[in-house]
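**Q** Data file start_29.pdb (PDB, C-alpha atoms and all ligand atoms) is appended below.
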MODEL        1
ATOM      1  CA  MET A   1     -14.823  14.866  -9.185
ATOM      2  CA  SER A   2     -12.684  17.155  -7.070
ATOM      3  CA  ASN A   3     -13.465  18.441  -3.594
ATOM      4  CA  HIS A   4     -10.004  20.001  -3.226
ATOM      5  CA  LEU A   5      -9.446  17.701  -0.242
ATOM      6  CA  LEU A   6      -5.669  17.754  -0.690
ATOM      7  CA  LYS A   7      -5.247  21.330  -1.889
ATOM      8  CA  GLY A   8      -1.744  22.567  -1.002
ATOM      9  CA  LYS A   9      -0.599  19.188   0.315
ATOM     10  CA  ARG A  10       2.685  17.567  -0.724
ATOM     11  CA  GLY A  11       3.203  13.842  -0.925
ATOM     12  CA  ILE A  12       5.352  10.861  -1.831
ATOM     13  CA  ILE A  13       3.646   7.951  -3.602
ATOM     14  CA  PHE A  14       5.425   4.584  -3.689
ATOM     15  CA  GLY A  15       4.448   1.654  -5.903
ATOM     16  CA  ALA A  16       2.789   2.816  -9.159
ATOM     17  CA  LEU A  17       3.987   0.121 -11.572
ATOM     18  CA  ASN A  18       1.281   0.251 -14.248
ATOM     19  CA  ASN A  19      -2.268   1.512 -14.645
ATOM     20  CA  GLN A  20      -3.636  -1.442 -12.649
ATOM     21  CA  SER A  21      -1.592  -0.522  -9.557
ATOM     22  CA  ILE A  22      -3.519   0.784  -6.583
ATOM     23  CA  ALA A  23      -0.834   3.499  -6.233
ATOM     24  CA  TRP A  24      -1.528   4.618  -9.821
ATOM     25  CA  LYS A  25      -5.172   5.327  -8.965
ATOM     26  CA  VAL A  26      -4.158   7.058  -5.733
ATOM     27  CA  ALA A  27      -1.835   9.338  -7.719
ATOM     28  CA  GLN A  28      -4.611  10.206 -10.186
ATOM     29  CA  ARG A  29      -7.062  10.954  -7.370
ATOM     30  CA  ALA A  30      -4.483  12.930  -5.345
ATOM     31  CA  HIS A  31      -3.799  15.047  -8.436
ATOM     32  CA  GLU A  32      -7.534  15.652  -8.906
ATOM     33  CA  GLU A  33      -7.820  16.705  -5.264
ATOM     34  CA  GLY A  34      -5.126  19.374  -5.674
ATOM     35  CA  ALA A  35      -2.037  17.676  -4.203
ATOM     36  CA  THR A  36       1.491  17.849  -5.570
ATOM     37  CA  PHE A  37       3.695  14.802  -5.116
ATOM     38  CA  VAL A  38       6.668  12.821  -6.315
ATOM     39  CA  LEU A  39       6.308   9.292  -7.624
ATOM     40  CA  THR A  40       8.804   6.632  -6.658
ATOM     41  CA  ASN A  41       9.449   2.993  -7.414
ATOM     42  CA  ALA A  42      12.321   0.504  -7.400
ATOM     43  CA  PRO A  43      14.892   1.178 -10.153
ATOM     44  CA  ILE A  44      14.034  -2.170 -11.764
ATOM     45  CA  ALA A  45      10.341  -1.209 -12.046
ATOM     46  CA  MET A  46      11.318   2.095 -13.672
ATOM     47  CA  ARG A  47      12.770   0.306 -16.640
ATOM     48  CA  MET A  48       9.291  -0.623 -17.776
ATOM     49  CA  GLY A  49       8.801   3.109 -18.236
ATOM     50  CA  GLU A  50       5.049   3.268 -17.675
ATOM     51  CA  ILE A  51       5.454   5.440 -14.587
ATOM     52  CA  ASN A  52       6.573   8.308 -16.867
ATOM     53  CA  GLU A  53       3.078   8.413 -18.391
ATOM     54  CA  LEU A  54       1.596   8.876 -14.922
ATOM     55  CA  ALA A  55       4.201  11.529 -14.119
ATOM     56  CA  ALA A  56       3.248  13.485 -17.255
ATOM     57  CA  GLU A  57      -0.476  13.126 -16.511
ATOM     58  CA  THR A  58      -0.128  14.357 -12.930
ATOM     59  CA  GLY A  59       2.680  16.908 -13.430
ATOM     60  CA  SER A  60       4.931  14.912 -11.084
ATOM     61  CA  GLN A  61       8.602  14.060 -11.009
ATOM     62  CA  VAL A  62       9.859  10.514 -10.565
ATOM     63  CA  ILE A  63      12.657   9.582  -8.162
ATOM     64  CA  ALA A  64      13.940   5.998  -8.230
ATOM     65  CA  ALA A  65      14.347   4.366  -4.817
ATOM     66  CA  ASP A  66      14.632   0.801  -3.643
ATOM     67  CA  ALA A  67      12.510   1.025  -0.487
ATOM     68  CA  THR A  68      14.838  -1.416   1.294
ATOM     69  CA  ASN A  69      17.859   0.850   0.757
ATOM     70  CA  ILE A  70      18.404   3.628   3.314
ATOM     71  CA  ALA A  71      20.674   5.703   1.024
ATOM     72  CA  ASP A  72      17.979   5.641  -1.677
ATOM     73  CA  LEU A  73      15.334   6.661   0.864
ATOM     74  CA  GLU A  74      17.475   9.532   2.191
ATOM     75  CA  ASN A  75      17.957  10.803  -1.360
ATOM     76  CA  LEU A  76      14.207  10.454  -2.019
ATOM     77  CA  VAL A  77      13.161  12.332   1.120
ATOM     78  CA  THR A  78      15.674  15.152   0.527
ATOM     79  CA  LYS A  79      14.892  15.558  -3.185
ATOM     80  CA  ALA A  80      11.118  15.317  -2.682
ATOM     81  CA  GLN A  81      11.217  18.298  -0.305
ATOM     82  CA  GLU A  82      13.374  20.294  -2.731
ATOM     83  CA  ILE A  83      11.077  19.549  -5.667
ATOM     84  CA  LEU A  84       7.834  20.138  -3.771
ATOM     85  CA  GLY A  85       9.109  23.193  -1.881
ATOM     86  CA  GLY A  86       8.544  22.079   1.702
ATOM     87  CA  LYS A  87       7.865  19.288   4.143
ATOM     88  CA  ILE A  88       5.710  16.282   3.254
ATOM     89  CA  ASP A  89       2.012  15.946   4.224
ATOM     90  CA  PHE A  90       1.237  12.437   3.006
ATOM     91  CA  VAL A  91       2.976   9.214   2.040
ATOM     92  CA  LEU A  92       1.522   6.135   0.364
ATOM     93  CA  HIS A  93       3.421   2.859   0.925
ATOM     94  CA  SER A  94       2.045   0.519  -1.745
ATOM     95  CA  ILE A  95       4.796  -2.101  -1.924
ATOM     96  CA  GLY A  96       4.700  -5.869  -1.812
ATOM     97  CA  MET A  97       6.828  -8.709  -3.148
ATOM     98  CA  SER A  98       7.581 -12.274  -2.062
ATOM     99  CA  PRO A  99      10.247 -14.365  -3.808
ATOM    100  CA  ASN A 100       8.729 -17.462  -2.118
ATOM    101  CA  VAL A 101       5.368 -16.711  -3.773
ATOM    102  CA  ARG A 102       7.055 -15.961  -7.079
ATOM    103  CA  LYS A 103       8.993 -19.234  -7.049
ATOM    104  CA  GLY A 104       5.932 -21.245  -6.004
ATOM    105  CA  LYS A 105       7.401 -22.402  -2.666
ATOM    106  CA  HIS A 106       5.068 -24.040  -0.156
ATOM    107  CA  TYR A 107       4.786 -22.202   3.176
ATOM    108  CA  THR A 108       6.179 -25.210   5.058
ATOM    109  CA  GLU A 109       9.244 -25.305   2.799
ATOM    110  CA  ASN A 110      10.001 -21.632   2.359
ATOM    111  CA  ASP A 111      13.500 -20.499   1.537
ATOM    112  CA  TYR A 112      14.761 -18.322   4.400
ATOM    113  CA  ASN A 113      16.772 -15.962   2.222
ATOM    114  CA  TYR A 114      13.624 -15.325   0.245
ATOM    115  CA  TYR A 115      11.649 -15.067   3.471
ATOM    116  CA  GLY A 116      14.006 -12.318   4.656
ATOM    117  CA  GLN A 117      13.535 -10.475   1.344
ATOM    118  CA  THR A 118       9.742 -10.706   1.669
ATOM    119  CA  MET A 119       9.933  -9.114   5.109
ATOM    120  CA  ASP A 120      12.408  -6.458   4.006
ATOM    121  CA  VAL A 121      10.538  -5.378   0.853
ATOM    122  CA  SER A 122       6.955  -5.798   2.059
ATOM    123  CA  ALA A 123       7.197  -4.723   5.715
ATOM    124  CA  MET A 124      10.546  -3.412   6.937
ATOM    125  CA  SER A 125      10.558  -0.935   4.045
ATOM    126  CA  LEU A 126       7.745   0.879   5.884
ATOM    127  CA  HIS A 127       9.913   1.139   9.001
ATOM    128  CA  LYS A 128      12.877   2.333   6.917
ATOM    129  CA  THR A 129      10.739   4.954   5.159
ATOM    130  CA  LEU A 130       9.270   6.212   8.431
ATOM    131  CA  ALA A 131      12.675   6.229  10.153
ATOM    132  CA  THR A 132      14.129   8.287   7.282
ATOM    133  CA  LEU A 133      11.253  10.799   7.390
ATOM    134  CA  TYR A 134      11.547  10.975  11.206
ATOM    135  CA  LYS A 135      15.312  11.466  11.216
ATOM    136  CA  HIS A 136      15.119  14.258   8.627
ATOM    137  CA  ASP A 137      12.049  15.813  10.283
ATOM    138  CA  ALA A 138      10.510  15.694   6.809
ATOM    139  CA  MET A 139       6.792  15.498   7.702
ATOM    140  CA  ASN A 140       4.471  18.366   8.543
ATOM    141  CA  GLU A 141       2.363  18.140  11.723
ATOM    142  CA  TRP A 142      -0.844  16.147  11.167
ATOM    143  CA  GLY A 143       0.776  14.470   8.166
ATOM    144  CA  SER A 144      -0.606  11.078   7.208
ATOM    145  CA  VAL A 145       1.090   7.850   6.137
ATOM    146  CA  VAL A 146      -0.919   4.951   4.695
ATOM    147  CA  ALA A 147       0.405   1.468   3.908
ATOM    148  CA  LEU A 148      -1.648  -1.172   2.122
ATOM    149  CA  SER A 149      -2.335  -4.483   3.831
ATOM    150  CA  TYR A 150      -4.428  -7.618   3.471
ATOM    151  CA  ILE A 151      -6.585  -9.670   5.862
ATOM    152  CA  ALA A 152      -4.143 -12.600   5.669
ATOM    153  CA  ALA A 153      -2.416 -10.667   8.483
ATOM    154  CA  GLN A 154      -5.231 -11.875  10.785
ATOM    155  CA  ARG A 155      -6.499 -15.074   9.145
ATOM    156  CA  ILE A 156      -4.987 -17.916   7.175
ATOM    157  CA  PHE A 157      -5.236 -17.709   3.385
ATOM    158  CA  PRO A 158      -2.866 -20.556   2.462
ATOM    159  CA  ASP A 159      -1.647 -19.332  -0.934
ATOM    160  CA  TYR A 160      -0.724 -15.922   0.440
ATOM    161  CA  ASN A 161       2.291 -17.696   1.965
ATOM    162  CA  ASP A 162       4.892 -15.544   3.740
ATOM    163  CA  MET A 163       3.155 -12.351   2.567
ATOM    164  CA  ALA A 164       0.744 -13.028   5.457
ATOM    165  CA  ASP A 165       3.626 -12.768   7.926
ATOM    166  CA  ALA A 166       4.886  -9.635   6.177
ATOM    167  CA  LYS A 167       1.451  -7.984   6.424
ATOM    168  CA  SER A 168       1.274  -8.793  10.169
ATOM    169  CA  LEU A 169       4.622  -7.089  10.619
ATOM    170  CA  LEU A 170       3.560  -4.161   8.427
ATOM    171  CA  GLU A 171       0.465  -3.558  10.571
ATOM    172  CA  SER A 172       2.527  -3.815  13.751
ATOM    173  CA  ILE A 173       5.056  -1.275  12.436
ATOM    174  CA  ALA A 174       2.192   1.139  11.640
ATOM    175  CA  ARG A 175       0.992   0.838  15.264
ATOM    176  CA  SER A 176       4.420   1.127  16.877
ATOM    177  CA  PHE A 177       5.758   3.938  14.698
ATOM    178  CA  GLY A 178       2.356   5.607  14.844
ATOM    179  CA  TYR A 179       2.827   5.936  18.601
ATOM    180  CA  HIS A 180       6.285   7.510  18.367
ATOM    181  CA  TYR A 181       5.562   9.786  15.390
ATOM    182  CA  GLY A 182       2.239  10.816  16.923
ATOM    183  CA  ILE A 183       3.951  11.990  20.080
ATOM    184  CA  LYS A 184       6.798  13.687  18.267
ATOM    185  CA  LYS A 185       4.969  15.402  15.428
ATOM    186  CA  LYS A 186       1.261  14.452  15.415
ATOM    187  CA  VAL A 187       1.951  12.377  12.304
ATOM    188  CA  ARG A 188      -0.593   9.596  11.865
ATOM    189  CA  ILE A 189       0.155   6.165  10.465
ATOM    190  CA  ASN A 190      -2.444   3.604   9.380
ATOM    191  CA  THR A 191      -2.784   0.522   7.226
ATOM    192  CA  ILE A 192      -5.699  -0.037   4.849
ATOM    193  CA  SER A 193      -6.614  -3.698   4.470
ATOM    194  CA  GLN A 194      -7.887  -3.910   0.914
ATOM    195  CA  SER A 195     -10.061  -6.494  -0.900
ATOM    196  CA  PRO A 196      -8.262  -8.705  -3.409
ATOM    197  CA  THR A 197      -7.726  -6.526  -6.486
ATOM    198  CA  VAL A 198      -6.593  -7.368 -10.017
ATOM    199  CA  THR A 199      -3.027  -5.956 -10.190
ATOM    200  CA  THR A 200       0.426  -7.322 -11.009
ATOM    201  CA  ALA A 201       1.112  -8.153  -7.332
ATOM    202  CA  GLY A 202      -2.397  -9.590  -6.801
ATOM    203  CA  GLN A 203      -2.194 -11.878  -9.815
ATOM    204  CA  GLY A 204       1.072 -13.329  -8.491
ATOM    205  CA  ILE A 205      -0.925 -15.240  -5.859
ATOM    206  CA  LYS A 206      -1.846 -18.829  -6.838
ATOM    207  CA  GLY A 207      -5.557 -19.391  -7.493
ATOM    208  CA  PHE A 208      -6.171 -15.636  -7.544
ATOM    209  CA  THR A 209      -9.159 -15.737  -9.927
ATOM    210  CA  GLU A 210     -11.048 -18.288  -7.823
ATOM    211  CA  PHE A 211     -10.119 -16.397  -4.743
ATOM    212  CA  ILE A 212     -11.304 -13.019  -5.997
ATOM    213  CA  ASN A 213     -14.662 -14.605  -6.929
ATOM    214  CA  PHE A 214     -14.964 -16.228  -3.492
ATOM    215  CA  SER A 215     -14.201 -12.917  -1.815
ATOM    216  CA  GLU A 216     -16.762 -11.137  -4.015
ATOM    217  CA  GLN A 217     -19.480 -13.541  -2.861
ATOM    218  CA  MET A 218     -18.381 -13.318   0.784
ATOM    219  CA  SER A 219     -18.618  -9.514   0.886
ATOM    220  CA  PRO A 220     -22.055  -7.919   1.340
ATOM    221  CA  LEU A 221     -20.952  -4.938  -0.760
ATOM    222  CA  GLY A 222     -18.749  -6.977  -3.104
ATOM    223  CA  ASN A 223     -14.992  -6.519  -3.443
ATOM    224  CA  ALA A 224     -13.719  -2.972  -3.135
ATOM    225  CA  SER A 225     -12.085  -1.802  -6.386
ATOM    226  CA  ALA A 226      -8.681  -0.141  -6.722
ATOM    227  CA  ILE A 227     -10.429   3.165  -7.451
ATOM    228  CA  ALA A 228     -12.514   2.881  -4.289
ATOM    229  CA  CYS A 229      -9.305   2.116  -2.379
ATOM    230  CA  ALA A 230      -7.769   5.273  -3.839
ATOM    231  CA  ASP A 231     -10.760   7.290  -2.592
ATOM    232  CA  TYR A 232     -10.279   5.864   0.901
ATOM    233  CA  CYS A 233      -6.559   6.732   0.814
ATOM    234  CA  ILE A 234      -7.438  10.307  -0.180
ATOM    235  CA  SER A 235      -9.792  10.600   2.784
ATOM    236  CA  MET A 236      -7.012   9.315   5.063
ATOM    237  CA  PHE A 237      -4.587  11.914   3.675
ATOM    238  CA  SER A 238      -7.131  14.698   4.125
ATOM    239  CA  ASP A 239      -7.782  16.789   7.237
ATOM    240  CA  LEU A 240     -11.160  15.056   7.677
ATOM    241  CA  THR A 241      -9.514  12.076   9.406
ATOM    242  CA  LYS A 242      -7.045  13.889  11.672
ATOM    243  CA  TYR A 243      -7.540  11.749  14.752
ATOM    244  CA  VAL A 244      -7.303   8.361  13.063
ATOM    245  CA  THR A 245      -3.935   6.756  13.747
ATOM    246  CA  MET A 246      -2.314   3.367  14.555
ATOM    247  CA  GLN A 247      -5.276   1.558  12.989
ATOM    248  CA  ASN A 248      -5.697  -1.255  10.524
ATOM    249  CA  LEU A 249      -8.727  -0.135   8.508
ATOM    250  CA  PHE A 250     -10.658  -2.752   6.571
ATOM    251  CA  HIS A 251     -11.684  -1.624   3.107
ATOM    252  CA  ASP A 252     -13.250  -4.838   1.937
ATOM    253  CA  GLY A 253     -17.020  -4.519   1.370
ATOM    254  CA  GLY A 254     -17.673  -6.177   4.733
ATOM    255  CA  PHE A 255     -15.666  -9.369   4.093
ATOM    256  CA  SER A 256     -13.763  -9.185   7.400
ATOM    257  CA  ASN A 257     -16.956  -9.300   9.500
ATOM    258  CA  THR A 258     -18.847 -11.868   7.440
ATOM    259  CA  GLY A 259     -19.074 -15.474   8.615
ATOM    260  CA  VAL A 260     -20.943 -16.638   5.545
ATOM    261  CA  THR A 261     -23.327 -15.206   2.944
ATOM    262  CA  GLN A 262     -26.469 -16.767   1.538
ATOM    263  CA  GLN A 263     -24.816 -16.861  -1.882
ATOM    264  CA  VAL A 264     -21.962 -18.998  -0.567
ATOM    265  CA  ILE A 265     -24.061 -21.249   1.676
ATOM    266  CA  GLU A 266     -26.364 -22.146  -1.240
ATOM    267  CA  ARG A 267     -23.401 -23.725  -3.022
ATOM    268  CA  PHE A 268     -23.259 -26.401  -0.316
ATOM    269  CA  GLY A 269     -26.840 -27.714  -0.627
ATOM    270  CA  ASP A 270     -27.748 -31.241  -1.857
ATOM    271  CA  GLN A 271     -24.254 -32.693  -1.947
TER     272      GLN A 271
HETATM  273  N1  LIG B 301      -3.830  -6.567  -5.334
HETATM  274  C1  LIG B 301      -4.375  -7.060  -4.238
HETATM  275  O1  LIG B 301      -5.172  -8.011  -4.263
HETATM  276  C2  LIG B 301      -4.040  -6.440  -2.914
HETATM  277  C3  LIG B 301      -4.898  -6.634  -1.809
HETATM  278  C4  LIG B 301      -4.550  -6.081  -0.574
HETATM  279  C5  LIG B 301      -3.356  -5.359  -0.459
HETATM  280  N2  LIG B 301      -2.551  -5.188  -1.559
HETATM  281  C6  LIG B 301      -1.298  -4.459  -1.385
HETATM  282  O2  LIG B 301      -1.333  -3.277  -2.152
HETATM  283  C7  LIG B 301       0.020  -2.854  -2.384
HETATM  284  C8  LIG B 301       0.174  -2.484  -3.843
HETATM  285  O3  LIG B 301       0.079  -3.609  -4.660
HETATM  286  P1  LIG B 301      -0.733  -3.644  -6.027
HETATM  287  O4  LIG B 301      -1.776  -4.682  -5.858
HETATM  288  O5  LIG B 301      -1.110  -2.282  -6.457
HETATM  289  O6  LIG B 301       0.345  -4.287  -7.020
HETATM  290  P2  LIG B 301       1.546  -3.678  -7.887
HETATM  291  O7  LIG B 301       2.323  -4.873  -8.357
HETATM  292  O8  LIG B 301       1.023  -2.756  -8.922
HETATM  293  O9  LIG B 301       2.404  -2.841  -6.828
HETATM  294  C9  LIG B 301       3.440  -3.390  -6.036
HETATM  295  C10 LIG B 301       4.584  -2.402  -6.122
HETATM  296  O10 LIG B 301       5.670  -2.722  -5.243
HETATM  297  C11 LIG B 301       6.834  -2.220  -5.889
HETATM  298  N3  LIG B 301       8.057  -2.736  -5.295
HETATM  299  C12 LIG B 301       8.458  -4.036  -5.220
HETATM  300  N4  LIG B 301       9.684  -4.092  -4.657
HETATM  301  C13 LIG B 301      10.034  -2.805  -4.338
HETATM  302  C14 LIG B 301      11.179  -2.223  -3.720
HETATM  303  N5  LIG B 301      12.219  -2.971  -3.306
HETATM  304  N6  LIG B 301      11.211  -0.874  -3.562
HETATM  305  C15 LIG B 301      10.180  -0.092  -3.988
HETATM  306  N7  LIG B 301       9.064  -0.603  -4.567
HETATM  307  C16 LIG B 301       9.008  -1.940  -4.737
HETATM  308  C17 LIG B 301       6.616  -2.718  -7.320
HETATM  309  O11 LIG B 301       7.516  -2.150  -8.258
HETATM  310  C18 LIG B 301       5.174  -2.327  -7.544
HETATM  311  O12 LIG B 301       5.072  -1.003  -8.038
HETATM  312  C19 LIG B 301       0.914  -3.991  -1.898
HETATM  313  O13 LIG B 301       1.350  -3.713  -0.583
HETATM  314  C20 LIG B 301      -0.045  -5.157  -1.885
HETATM  315  O14 LIG B 301       0.365  -6.195  -1.029
HETATM  316  C21 LIG B 301      -2.861  -5.691  -2.767
ENDMDL
END
Can you dump the structure from the file as structure tokens?
Ligand SMILES: NC(=O)c1ccc[n+]([C@@H]2O[C@H](COP(=O)([O-])OP(=O)(O)OC[C@H]3O[C@@H](n4cnc5c(N)ncnc54)[C@H](O)[C@@H]3O)[C@@H](O)[C@H]2O)c1

**A**
Amino acid sequence: MSNHLLKGKRGIIFGALNNQSIAWKVAQRAHEEGATFVLTNAPIAMRMGEINELAAETGSQVIAADATNIADLENLVTKAQEILGGKIDFVLHSIGMSPNVRKGKHYTENDYNYYGQTMDVSAMSLHKTLATLYKHDAMNEWGSVVALSYIAAQRIFPDYNDMADAKSLLESIARSFGYHYGIKKKVRINTISQSPTVTTAGQGIKGFTEFINFSEQMSPLGNASAIACADYCISMFSDLTKYVTMQNLFHDGGFSNTGVTQQVIERFGDQ
């Protein structure tokens, strides 16, 4: 259903890998709501080719960019404005990757080269993207940037490993850059802290199935789906949320404010 919430708006959407990706659903919803945008992902992810299906479906062009590489980001920001015919109104940062998680390292024995890569890809890439947009004055006033986060930034979820540290940094960058970009150009920057969601990145976390079930039972509304997350992103890109900035917004069915639910407590009876 379209409410034309993003009519006339131009965007850049990072991170649509396949049709499970949260960014994929955001792109579909943004298209429905009347936006035009470019899709981008790391060159290595492009080789899988699925992003071209999304590009055809949404009438978008694809520009490869490693979000840790400033030259790639400069090319992306310049080309996106040429293709879309003006400055950018919204950006989705939907990027996460930890070599320590991938290689099954324990948090107490993490490899520091990998740790640096986790920070660079999953957090510093937001700073690099924002710095590139800022330097090129590529955003329209009241533009909106959303990055996706997870509650492991505030609380320990052991198998999330160094991604927890990356999400803390990501949320801090949104606050700090949100201050500077707000003053300069009224651009707002927020993170959305999403429920665990079945995607390629999500499934990389050890014990993910058990964890997603636990989270479902610990959330009064149940886990928020990728499609619901896309709806929330659309509202954050729209003019209906103009004064929301520098926030970490929980989109988690109530999980973050729940101590325990009856469903979970009943599992601990008669032991
Ligand atoms: N799935 C979950 O349970 C969950 C929960 C909360 C937050 N998130 C966050 O949502 C975001 C999107 O993840 P997803 O779950 O849709 O998984 P996904 O695997 O579909 O998306 C992750 C994306 O990051 C991209 N990426 C990795 N390295 C990159 C680089 N160097 N440059 C550019 N792009 C790069 C990948 O190609 C991929 O498209 C991530 O930030 C993730 O941490 C996911």

**Q** Please enumerate the residues selected by the PyMOL selection byres (((chain A and resi 73) around 12) and not hetatm) when evaluated against the supplied file, formatted as a ChimeraX atom specification.

**A** /A:12,14,40-42,63-72,74-80,125-136,138

**Q** Pick the closest to ligand LIG 301 (chain B) from A:Asn113, A:Asn140, A:Thr191, A:Ser176: which is it, counting all atoms listed in the file?

**A**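 Result for the nearest residue to ligand LIG 301 (chain B): A:Thr191.
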
**Q** Counting all atoms listed in the file, which of A:Ala201, A:Val146, A:Val101, A:Ala166 gets nearest to ligand LIG 301 (chain B)?

**A** A:Ala201

**Q** Name the closest residue to ligand LIG 301 (chain B) among the candidates A:Met163, A:Ile88, A:Ile227, A:Ile22; distances are taken between atoms, counting all atoms listed in the file.

**A**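 Nearest candidate to ligand LIG 301 (chain B) out of A:Met163, A:Ile88, A:Ile227, A:Ile22: A:Ile22.
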
**Q** What separation in Å, quoted to one decimal, exists between atom CA of Leu170 of chain A and atom CA of Pro99 of chain A?

**A**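 Going from atom CA of Leu170 of chain A over to atom CA of Pro99 of chain A covers 17.3 Å.
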